[in-house]
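Structure file start_15.txt (compact mmCIF, C-alpha atoms) is printed below.
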```
# COMPACT_ATOMS: atom_id res chain seq x y z
CA MET A 1 77.66 -95.18 -115.33
CA LYS A 2 78.59 -98.82 -114.63
CA ALA A 3 78.11 -98.21 -110.90
CA ILE A 4 74.55 -97.01 -111.53
CA LYS A 5 73.85 -100.10 -113.63
CA LEU A 6 75.13 -102.41 -110.87
CA LEU A 7 73.36 -100.59 -108.05
CA PRO A 8 70.25 -102.84 -108.08
CA LEU A 9 72.46 -105.91 -107.84
CA ALA A 10 74.40 -104.44 -104.96
CA LEU A 11 71.10 -103.86 -103.17
CA LEU A 12 69.96 -107.46 -103.71
CA PHE A 13 70.05 -108.55 -100.11
CA LEU A 14 69.45 -105.36 -98.28
CA VAL A 15 66.56 -105.22 -95.91
CA ALA A 16 63.18 -105.76 -97.52
CA SER A 17 60.40 -103.52 -96.28
CA CYS A 18 57.72 -105.76 -94.80
CA SER A 19 57.63 -107.98 -97.84
CA SER A 20 57.75 -111.70 -98.03
CA ILE A 21 60.22 -113.83 -99.91
CA ARG A 22 58.83 -116.09 -102.61
CA VAL A 23 60.76 -119.35 -102.72
CA SER A 24 60.77 -122.23 -105.17
CA SER A 25 63.06 -125.06 -106.16
CA ASP A 26 63.67 -127.43 -109.01
CA TYR A 27 65.67 -130.64 -109.16
CA ASP A 28 66.67 -133.64 -111.22
CA THR A 29 64.13 -136.35 -110.36
CA ASN A 30 66.69 -139.08 -111.14
CA THR A 31 69.05 -137.85 -108.41
CA ASN A 32 69.47 -139.69 -105.12
CA PHE A 33 70.11 -136.76 -102.78
CA SER A 34 71.04 -139.03 -99.86
CA ASN A 35 74.32 -139.79 -101.70
CA TYR A 36 75.54 -136.21 -101.17
CA LYS A 37 77.56 -135.71 -98.00
CA THR A 38 80.21 -133.09 -98.85
CA PHE A 39 80.33 -129.71 -100.60
CA ALA A 40 82.60 -126.95 -101.82
CA PHE A 41 81.96 -123.57 -103.41
CA TYR A 42 82.31 -123.20 -107.19
CA LYS A 43 84.73 -120.27 -107.21
CA LYS A 44 84.69 -119.67 -110.99
CA GLY A 45 80.91 -119.18 -111.00
CA ILE A 46 80.76 -117.21 -107.77
CA ASP A 47 83.47 -114.80 -108.95
CA LYS A 48 81.17 -113.76 -111.83
CA VAL A 49 78.31 -112.67 -109.55
CA GLU A 50 77.92 -108.88 -109.78
CA ILE A 51 77.25 -107.93 -106.18
CA SER A 52 79.59 -106.51 -103.57
CA ASP A 53 82.22 -108.87 -102.17
CA LEU A 54 80.81 -108.22 -98.69
CA ASP A 55 77.31 -109.35 -99.66
CA LYS A 56 78.77 -112.28 -101.58
CA ARG A 57 80.63 -113.44 -98.45
CA ARG A 58 77.47 -112.98 -96.37
CA ILE A 59 75.51 -115.19 -98.78
CA LEU A 60 78.20 -117.87 -98.89
CA LYS A 61 78.52 -117.88 -95.10
CA ALA A 62 74.74 -118.34 -94.80
CA VAL A 63 74.70 -121.15 -97.39
CA GLU A 64 77.60 -122.87 -95.62
CA SER A 65 75.82 -122.60 -92.28
CA GLU A 66 72.64 -124.13 -93.73
CA LEU A 67 74.52 -127.04 -95.36
CA LEU A 68 76.51 -127.76 -92.19
CA ALA A 69 73.24 -127.80 -90.23
CA LYS A 70 71.92 -130.40 -92.70
CA GLY A 71 74.90 -132.66 -91.92
CA PHE A 72 77.15 -131.78 -94.87
CA LYS A 73 80.90 -131.40 -94.50
CA LYS A 74 83.10 -128.99 -96.43
CA SER A 75 85.61 -130.88 -98.60
CA LYS A 76 88.35 -130.41 -101.18
CA ASN A 77 86.91 -133.43 -103.02
CA PRO A 78 83.16 -132.66 -102.74
CA ASP A 79 80.03 -134.47 -103.87
CA LEU A 80 78.32 -131.11 -104.54
CA LEU A 81 79.55 -127.79 -105.88
CA VAL A 82 77.64 -124.73 -104.68
CA ASN A 83 77.15 -121.82 -107.07
CA ILE A 84 75.09 -118.64 -106.70
CA PHE A 85 73.90 -115.90 -109.01
CA THR A 86 71.59 -112.93 -108.74
CA LYS A 87 69.15 -110.89 -110.81
CA SER A 88 67.25 -107.73 -110.13
CA ARG A 89 64.57 -105.74 -111.91
CA GLN A 90 62.47 -102.66 -111.36
CA LYS A 91 58.79 -103.30 -110.68
CA ILE A 92 55.81 -100.99 -110.57
CA ASP A 93 52.54 -101.76 -108.79
CA ILE A 94 49.46 -99.66 -109.47
CA TYR A 95 46.63 -99.64 -106.96
CA ASN A 96 43.32 -98.08 -107.93
CA ASN A 97 41.29 -96.66 -105.06
CA ASP A 98 38.04 -96.03 -106.89
CA PHE A 99 36.25 -95.03 -103.75
CA TYR A 100 37.00 -94.90 -100.06
CA PHE A 101 34.69 -93.35 -97.52
CA GLY A 102 35.51 -93.10 -93.87
CA TRP A 103 36.88 -91.20 -90.96
CA HIS A 104 40.58 -90.34 -90.59
CA PRO A 105 42.14 -88.37 -87.74
CA TRP A 106 42.92 -85.53 -90.17
CA TYR A 107 39.77 -85.49 -92.27
CA TYR A 108 36.41 -87.09 -92.91
CA GLY A 109 35.35 -87.87 -96.43
CA SER A 110 36.19 -89.81 -99.52
CA ASN A 111 39.45 -90.55 -101.30
CA PHE A 112 39.64 -91.21 -105.02
CA GLY A 113 42.78 -91.98 -106.93
CA THR A 114 45.47 -94.24 -108.16
CA HIS A 115 48.56 -95.04 -106.12
CA ILE A 116 51.80 -96.11 -107.77
CA SER A 117 54.54 -98.01 -106.00
CA LYS A 118 58.02 -98.52 -107.51
CA TYR A 119 60.54 -100.97 -106.09
CA THR A 120 63.40 -103.28 -107.00
CA GLU A 121 62.82 -107.02 -106.88
CA GLY A 122 65.92 -109.14 -106.32
CA THR A 123 66.31 -112.86 -106.98
CA LEU A 124 68.95 -115.21 -105.56
CA PHE A 125 69.63 -118.54 -107.24
CA ILE A 126 71.48 -121.25 -105.30
CA ASP A 127 72.69 -124.11 -107.50
CA LEU A 128 73.87 -127.45 -106.18
CA ILE A 129 75.87 -129.19 -108.89
CA ASP A 130 76.82 -132.87 -108.86
CA ALA A 131 80.62 -132.58 -108.78
CA HIS A 132 81.23 -135.94 -110.45
CA LYS A 133 78.66 -135.70 -113.25
CA LYS A 134 79.11 -131.90 -113.67
CA GLU A 135 75.31 -131.55 -113.84
CA LEU A 136 72.85 -129.37 -111.95
CA ALA A 137 71.15 -131.53 -109.31
CA TRP A 138 69.10 -128.90 -107.44
CA GLN A 139 68.29 -125.20 -107.74
CA GLY A 140 66.69 -123.02 -105.10
CA ILE A 141 65.29 -119.61 -105.98
CA GLY A 142 64.22 -116.78 -103.69
CA SER A 143 62.71 -113.46 -104.78
CA GLY A 144 61.63 -110.44 -102.80
CA ALA A 145 61.33 -106.66 -102.74
CA LEU A 146 64.53 -104.86 -101.84
CA ASN A 147 65.19 -101.84 -99.72
CA SER A 148 68.54 -100.36 -98.74
CA SER A 149 69.71 -100.32 -95.14
CA ARG A 150 72.81 -98.86 -93.56
CA ASN A 151 72.40 -101.21 -90.59
CA VAL A 152 74.87 -104.05 -91.24
CA ALA A 153 73.36 -106.31 -88.56
CA LYS A 154 69.89 -106.05 -90.16
CA LYS A 155 71.37 -106.69 -93.60
CA GLU A 156 73.18 -109.83 -92.37
CA GLU A 157 70.04 -111.08 -90.65
CA LYS A 158 67.98 -110.52 -93.82
CA ILE A 159 70.51 -112.44 -95.92
CA LYS A 160 70.51 -115.34 -93.43
CA ASP A 161 66.70 -115.43 -93.53
CA PHE A 162 66.64 -115.23 -97.34
CA VAL A 163 69.11 -118.14 -97.67
CA ALA A 164 67.42 -120.19 -94.91
CA GLN A 165 64.05 -119.98 -96.67
CA ILE A 166 65.61 -121.11 -99.95
CA MET A 167 67.62 -123.94 -98.37
CA ALA A 168 64.54 -125.17 -96.47
CA LYS A 169 63.51 -126.64 -99.85
CA TYR A 170 66.59 -128.92 -99.82
CA PRO A 171 66.58 -131.85 -100.01
CA PRO A 172 63.44 -132.03 -102.11
CA SER A 173 60.59 -134.08 -100.70
CA VAL A 174 59.75 -136.81 -103.19
CA ASN A 175 56.02 -137.55 -103.30
```

Would you put the structure from the file into structure tokens?
Amino acid sequence: MKAIKLLPLALLFLVASCSSIRVSSDYDTNTNFSNYKTFAFYKKGIDKVEISDLDKRRILKAVESELLAKGFKKSKNPDLLVNIFTKSRQKIDIYNNDFYFGWHPWYYGSNFGTHISKYTEGTLFIDLIDAHKKELAWQGIGSGALNSSRNVAKKEEKIKDFVAQIMAKYPPSVN
């Protein structure tokens, strides 16, 4: 029963079927992000995330890659602690085709009806915590429709893309 309950979380970063990822971020406006040069993962928080260890490692590897590309260095005495967590929920979309008239290869005529689409939406939160103040400095959020895939390479690529789109919001642009 517990496995069924955790199934949507385990599917969080599996290949999405032609859907886009919605990304947003939030941050402490009093933070000078140029002061942050080093990072480490917040193991206590990450251990609580209820997804498979394989997907967890894929996410952390992608986050690490993005931070290294931004000039950060991994450290035992970091400026930032990186934490992640996930959520998922079932969604239902209802499309009402009141009237459609046209030609199709199999028939010619009209189509009336309502179409229902069920899917799981997963959300990944990436938190960057000021290690000295012990306060959240920045949070990136990505949400998208999930679909399972047995192709590990596609799954890894999707996770990299998901994380890259979230981390593109860091550092925040101050207007």

- Query: Which neighbours of A:Pro171 fall inside 12 Å, counting only C-alpha atoms, when residues of the same chain fewer than 6 positions from it are skipped, and could you give them as a VMD selection string?
  - Reply: chain A and resid 25 to 29 31 to 37 66 to 67 70 to 72 128 137 to 140

* To do: Rank nothing, just name the residue among A:Val82, A:Ala40, A:Val63, A:Ile51 nearest to A:Gly122, using all atoms listed in the file.
  =>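 Among the listed residues, A:Ile51 lies closest to A:Gly122.
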
Quiz item: Which residues, written as a VMD selection string, have at least one atom at most 10 Å from A:Val49, with only C-alpha atoms counted and residues fewer than 5 positions away on the same chain left out?
Solution: chain A and resid 9 44 56 83 to 87
